[in-house]
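Heads up: the structure comes next, in structure tokens.
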Amino acid sequence: MKWLDDASPKDFIMPMKKRLNLILFFLIISFIVYCAHLDFQIIDPSGIGDDASQNLRTGLNLVKHGVYSEKGVTNDVIAGFRREPIPNFILAFQLKYASLFNADLLNYSGKDEFPSELLLVAKQVNIIYALGLMISLWVLTLMLVAPAWMANTISFPLIALVNEQFIAGEMNTLDTELPAAFFMVLLALVALVMVKNLRLGWILMSGISFGLLVMTKQSGAYVAVICIPVVLTLLPSARTKFFMNLFLFSLGFAVVVSPWVIRNRIEFGRSVISRGGGDVLLIRSVFNQMSPLQFRNAFYSFSPKPIRDDLLGPIMGLESQDHSCGKILDVFNRKLLCDSQALDEGRYQDVRSFYIRGKRAEPLSMNLSNSLRKREALSRILANPLQHLIISFPLAWRGIWAVRPEGWGDVILNILSFLALLASPLLYFLEKRKSWLIVSIVPIGYFLFYALFSHFIPRYSQPLVPLAFICFMMVVVDIASKMLPPFVVRLRDY
């Protein structure tokens with residue numbers, strides 16, 4: 001067998017690698033479908049919260065009346081702009097498609113509770129986002145890690161973690177954290193392709209992806225002011241064609257965002273994507289009233305249960321019962337019975353909770369309209385900007401805990417992944433590897449924005465979890481590549 005004598009090791013290794021990658025390809029696809037199947041089984045007809053109910057009413061109004069409105073589902077519905085549009089348009093398509101097979105599905109009066117069958121069908125839209133997110137994570141890992149067989153192998157635990165720690169918890173709600181996570185990962189993926197293979201089309205696609213994200217979480221509109229120029233400076237043509245690239249990126253962004261902003265300008269006289277920023281900013285301005293003792297205690301109150309019970313509680317002499325009305329931590333509890341009673345009786349000055357004071361008590365006592373809330377909040381913040389900045393630290397601590405930690409394993413995973421995310425720009429400067437910055441800059445922008453301009457409940461940072469896990473994976477691979485030969489595992493060069 002002379003051909004064996006003439007063959008080189010490479011002639012055997014290459015076909016083996018192709019077969020291995022083909023096997024891994026089918027395995028990872030099967031695994032993603034299996035995870036989606038498990039997620040589908042989680043969906044139940046239980047009720048949804050107030051924000052999610054607004055989204056469902058908006059989807060129903062779009063399908064039944066052709067009007068974008070979060071208000072009651074009636075024939076005389078009035079147009080609105082309370083919620084970002086992209087998830088609700090996708091939800092409307094889901095409801096319309098499902099109604100083709102069930103004519104009674106949309107027979108909702110708008111007064112009663114949502115029917116169980118309607119809730120089940122509406123929540124199934126989350127399977128679309130779950131599949132899109134898992135596939136995007138897989139492709140992004142293939143672009144970040146070499147060789148391909150190792151990237152495929154790493155994708156299994158990565159997807160499993162994201163599904164367990166994030167996706168599964170979003171299946172029974174119609175909040176926008178899951179679609180935001182999908183569009184955020186998609187943006188990172190498209191931006192990475194743009195930097196690697198500079199084409200006009202990819203610059204446009206990156207702008208469109210950013211637009212989809214902003215139309216899902218409008219805070220990204222403020223983040224874009226910094227993120228877009230930074231990412232474009234990473235392009236090979238940054239020095240010679242920066243403004244042309246900026247124009248193309250902005251064009252893609254504007255194609256998605258500007259029609260909706262123009263609609264809101266014409267309909268409501270507001271050049272915005274959605275309403276509600278003033279509410280959040282006023283709540284934040286109340287949090288700025290923390291005393292030094294409350295500032296200290298905030299780190300306890302905003303910590304997950306394992307840290308509170310096992311670490312900070314014994315050190316600080318605090319316990320969960322201190323969140324009760326009249327106790328030292330009651331200002332951090334938004335569900336106080338005494339606050340509900342005070343509101344019902346018009347005793348707004350007696351409301352304890354920072355959140356309820358900013359959300360309801362002060363707007364009612366000062367008779368603040370939606371437009372005046374933002375003005376009042378900004379005047380307070382500008383009156384004491386240093387205090388505003390200081391309070392951002394405990395709120396940033398609050399926002400880090402997006403993985404819903406229940407045990408110390410979850411706590412460690414949560415803190416390591418978010419540390420990896422926040423450290424990624426530093427790793428970019430140390431290693432000059434563009435992927436560190438491309439993957440992390442948008443989620444970091446959102447994180448800093450929420451810490452500075454909101455009360456930063458952990459739900460706000462949940463869309464950052466998948467990319468935080470990606471950054472943690474990159475750190476692990478980077479460390480491993482320094483101890484193992486490059487043909488085993490390494491980060492790809494960009």
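As shown in the structure tokens, the chain order sets the letters A, B, ...; within each chain, residues go from 1, and ligands are also counted from 1 in the order they appear.
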
Picked from region 219-458 of chain A by DSSP as alpha helix (DSSP H), as a ChimeraX atom specification: /A:220-232,238-268,277-287,292-301,305-307,313-316,337-344,354-356,362-365,370-383,385-400,408-431,434-453,458

Which polymer residues have any atom within 6 Å of an atom of region 346-358 of chain A, counting only C-alpha atoms, with same-chain residues fewer than 2 positions away left out, as a ChimeraX atom specification? /A:282-283,286-287,331-334,339,342-344,360-362

Which is closer to Val33 (chain A) than all the others in A:Met205, A:Ala103, A:Arg83, A:Asn163, using only C-alpha atoms?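 So, comparing all the options, the nearest one is A:Asn163.
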
At a cut-off of 8 Å, using only C-alpha atoms, what residues contact region 155-160 of chain A? Leave out same-chain residues fewer than 5 positions from it and give the result as an mmCIF file with N, CA and C atoms, in the first residue's frame.
```cif
data_model
loop_
_atom_site.group_PDB
_atom_site.id
_atom_site.type_symbol
_atom_site.label_atom_id
_atom_site.label_comp_id
_atom_site.auth_asym_id
_atom_site.auth_seq_id
_atom_site.Cartn_x
_atom_site.Cartn_y
_atom_site.Cartn_z
ATOM 1 N N ILE A 28 -24.323 19.897 18.656
ATOM 2 C CA ILE A 28 -24.659 21.184 19.257
ATOM 3 C C ILE A 28 -26.035 21.653 18.789
ATOM 4 N N PHE A 31 -28.410 19.703 20.781
ATOM 5 C CA PHE A 31 -28.420 20.187 22.159
ATOM 6 C C PHE A 31 -29.237 21.465 22.284
ATOM 7 N N ILE A 32 -29.096 22.374 21.333
ATOM 8 C CA ILE A 32 -29.864 23.622 21.349
ATOM 9 C C ILE A 32 -31.359 23.320 21.232
ATOM 10 N N CYS A 35 -32.549 21.954 24.544
ATOM 11 C CA CYS A 35 -32.711 23.027 25.538
ATOM 12 C C CYS A 35 -33.982 23.823 25.274
ATOM 13 N N MET A 134 -29.291 31.212 21.771
ATOM 14 C CA MET A 134 -28.376 30.067 21.881
ATOM 15 C C MET A 134 -27.559 29.875 20.607
ATOM 16 N N LEU A 137 -24.903 32.640 20.493
ATOM 17 C CA LEU A 137 -23.808 32.340 21.427
ATOM 18 C C LEU A 137 -22.861 31.306 20.841
ATOM 19 N N TRP A 138 -23.424 30.309 20.187
ATOM 20 C CA TRP A 138 -22.609 29.267 19.564
ATOM 21 C C TRP A 138 -21.721 29.861 18.465
ATOM 22 N N THR A 141 -18.997 32.081 19.854
ATOM 23 C CA THR A 141 -17.906 31.286 20.432
ATOM 24 C C THR A 141 -16.993 30.764 19.335
ATOM 25 N N PHE A 469 -21.094 35.967 30.577
ATOM 26 C CA PHE A 469 -20.614 34.589 30.532
ATOM 27 C C PHE A 469 -19.610 34.400 29.398
ATOM 28 N N ILE A 470 -19.848 35.063 28.262
ATOM 29 C CA ILE A 470 -18.891 34.999 27.151
ATOM 30 C C ILE A 470 -17.541 35.564 27.586
ATOM 31 N N MET A 473 -15.824 33.146 29.816
ATOM 32 C CA MET A 473 -15.276 32.069 28.996
ATOM 33 C C MET A 473 -13.983 32.509 28.321
#
```

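Taking only C-alpha atoms into account, Thr173 (chain A) lies nearest to A:Pro45 out of the set A:Pro45, A:Gly269, A:Gly201, A:Gly276.
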
Quick check, in Å to one decimal: how far apart do CA of Ala79 (chain A) and CA of Ser274 (chain A) lie?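 We find that CA of Ala79 (chain A) and CA of Ser274 (chain A) lie 12.2 Å from each other.
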
Test item: residues at most 7 Å from region 90-94 of chain A, only C-alpha atoms, excluding those fewer than 6 positions along its chain, as an MDAnalysis selection string: chainID A and resid 59:60 62:63 122 125

Serialized selection, N, CA, C and O atoms, as a short mmCIF file (atom, residue, chain, number, x, y, z; two decimals), in the first residue's frame:
```
data_model
loop_
_atom_site.label_atom_id
_atom_site.label_comp_id
_atom_site.auth_asym_id
_atom_site.auth_seq_id
_atom_site.Cartn_x
_atom_site.Cartn_y
_atom_site.Cartn_z
N GLY A 59 -49.52 44.17 22.06
CA GLY A 59 -49.59 43.19 20.98
C GLY A 59 -51.01 42.93 20.53
O GLY A 59 -51.30 42.85 19.32
N LEU A 60 -51.93 42.82 21.49
CA LEU A 60 -53.34 42.59 21.15
C LEU A 60 -53.94 43.77 20.40
O LEU A 60 -54.68 43.60 19.43
N LEU A 62 -52.40 45.88 18.53
CA LEU A 62 -51.84 45.89 17.18
C LEU A 62 -52.58 44.93 16.27
O LEU A 62 -52.92 45.25 15.13
N VAL A 63 -52.84 43.72 16.78
CA VAL A 63 -53.48 42.69 15.96
C VAL A 63 -54.96 43.03 15.72
O VAL A 63 -55.46 42.93 14.60
N ALA A 122 -48.99 33.55 23.95
CA ALA A 122 -48.16 34.75 23.94
C ALA A 122 -46.75 34.45 24.45
O ALA A 122 -45.75 34.90 23.86
N VAL A 125 -43.67 33.07 22.29
CA VAL A 125 -42.76 33.91 21.51
C VAL A 125 -41.35 33.86 22.07
O VAL A 125 -40.36 34.07 21.34
#
```

Do you know which residues are at most 7 Å from Met215 (chain A) counting only C-alpha atoms, after dropping those on the same chain fewer than 5 positions away, and could you put them as a JSON list (two decimals) with N, CA and C atoms, in the first residue's frame?
```json
[["chain", "number", "residue", "atom", "x", "y", "z"],
["A", 84, "GLU", "N", -41.07, 49.99, 24.48],
["A", 84, "GLU", "CA", -40.29, 49.89, 23.25],
["A", 84, "GLU", "C", -40.98, 48.96, 22.25],
["A", 85, "PRO", "N", -40.91, 49.27, 20.95],
["A", 85, "PRO", "CA", -41.80, 48.61, 19.98],
["A", 85, "PRO", "C", -41.39, 47.24, 19.44],
["A", 86, "ILE", "N", -40.11, 46.97, 19.26],
["A", 86, "ILE", "CA", -39.72, 45.76, 18.53],
["A", 86, "ILE", "C", -40.28, 44.49, 19.16],
["A", 257, "VAL", "N", -34.59, 53.09, 13.73],
["A", 257, "VAL", "CA", -35.05, 53.92, 14.84],
["A", 257, "VAL", "C", -35.88, 55.13, 14.39],
["A", 273, "ILE", "N", -38.26, 57.14, 21.94],
["A", 273, "ILE", "CA", -38.67, 55.80, 21.55],
["A", 273, "ILE", "C", -39.82, 55.33, 22.43]]
```

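Nearest-residue note for Asn102 (chain A): choosing from A:Phe447, A:Phe429, A:Thr58, A:Glu117, the minimum distance belongs to A:Glu117, counting only C-alpha atoms.
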
Determine, for each residue of region 242-358 of chain A having at least one atom at most 12 Å from an atom of region 187-197 of chain A, the closest pair of atoms and their separation in Å to one decimal, counting only C-alpha atoms; order by chain and ascending number, as CSV.
```
residue,atom,partner,partner_atom,distance
A:Asn245,CA,A:Met194,CA,10.9
A:Phe249,CA,A:Ala191,CA,10.6
A:Phe253,CA,A:Leu187,CA,11.7
```

From the options A:Met171, A:Leu337, A:Leu95, A:Leu448, which residue's atoms come nearest to Ile42 (chain A), counting only C-alpha atoms? A:Met171

Would you pick out the contacts of Gln289 (chain A) at 10 Å or less, using only C-alpha atoms, so that residues sharing its chain but fewer than 3 positions from it are not included, and give the list as JSON, numbers by chain? {"A": [284, 285, 286, 292, 294, 295, 354, 380, 387, 388, 391]}

Env of Ile438 (chain A): 12 Å cut, atoms = only C-alpha atoms, seq-sep filter 2 positions within chain, self excluded. Answer as a PyMOL selection string. chain A and resi 140+144+184-196+206+227-235+421+424-425+427-428+432-436+440-445+467+470-471+494

For CA of Gln341 (chain A) and CA of Val280 (chain A), determine how far apart the two atoms are, in Å to one decimal place.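 The value is 23.0 Å.
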
May I ask which of the residues A:Asn370, A:Ser219, A:Thr153, A:Gln54 is the closest one to Asn88 (chain A), counting only C-alpha atoms? A:Gln54

Taking into account only C-alpha atoms, which residue in the set A:Phe81, A:Trp202, A:Tyr450, A:Phe114 is nearest to Tyr68 (chain A)? A:Phe81
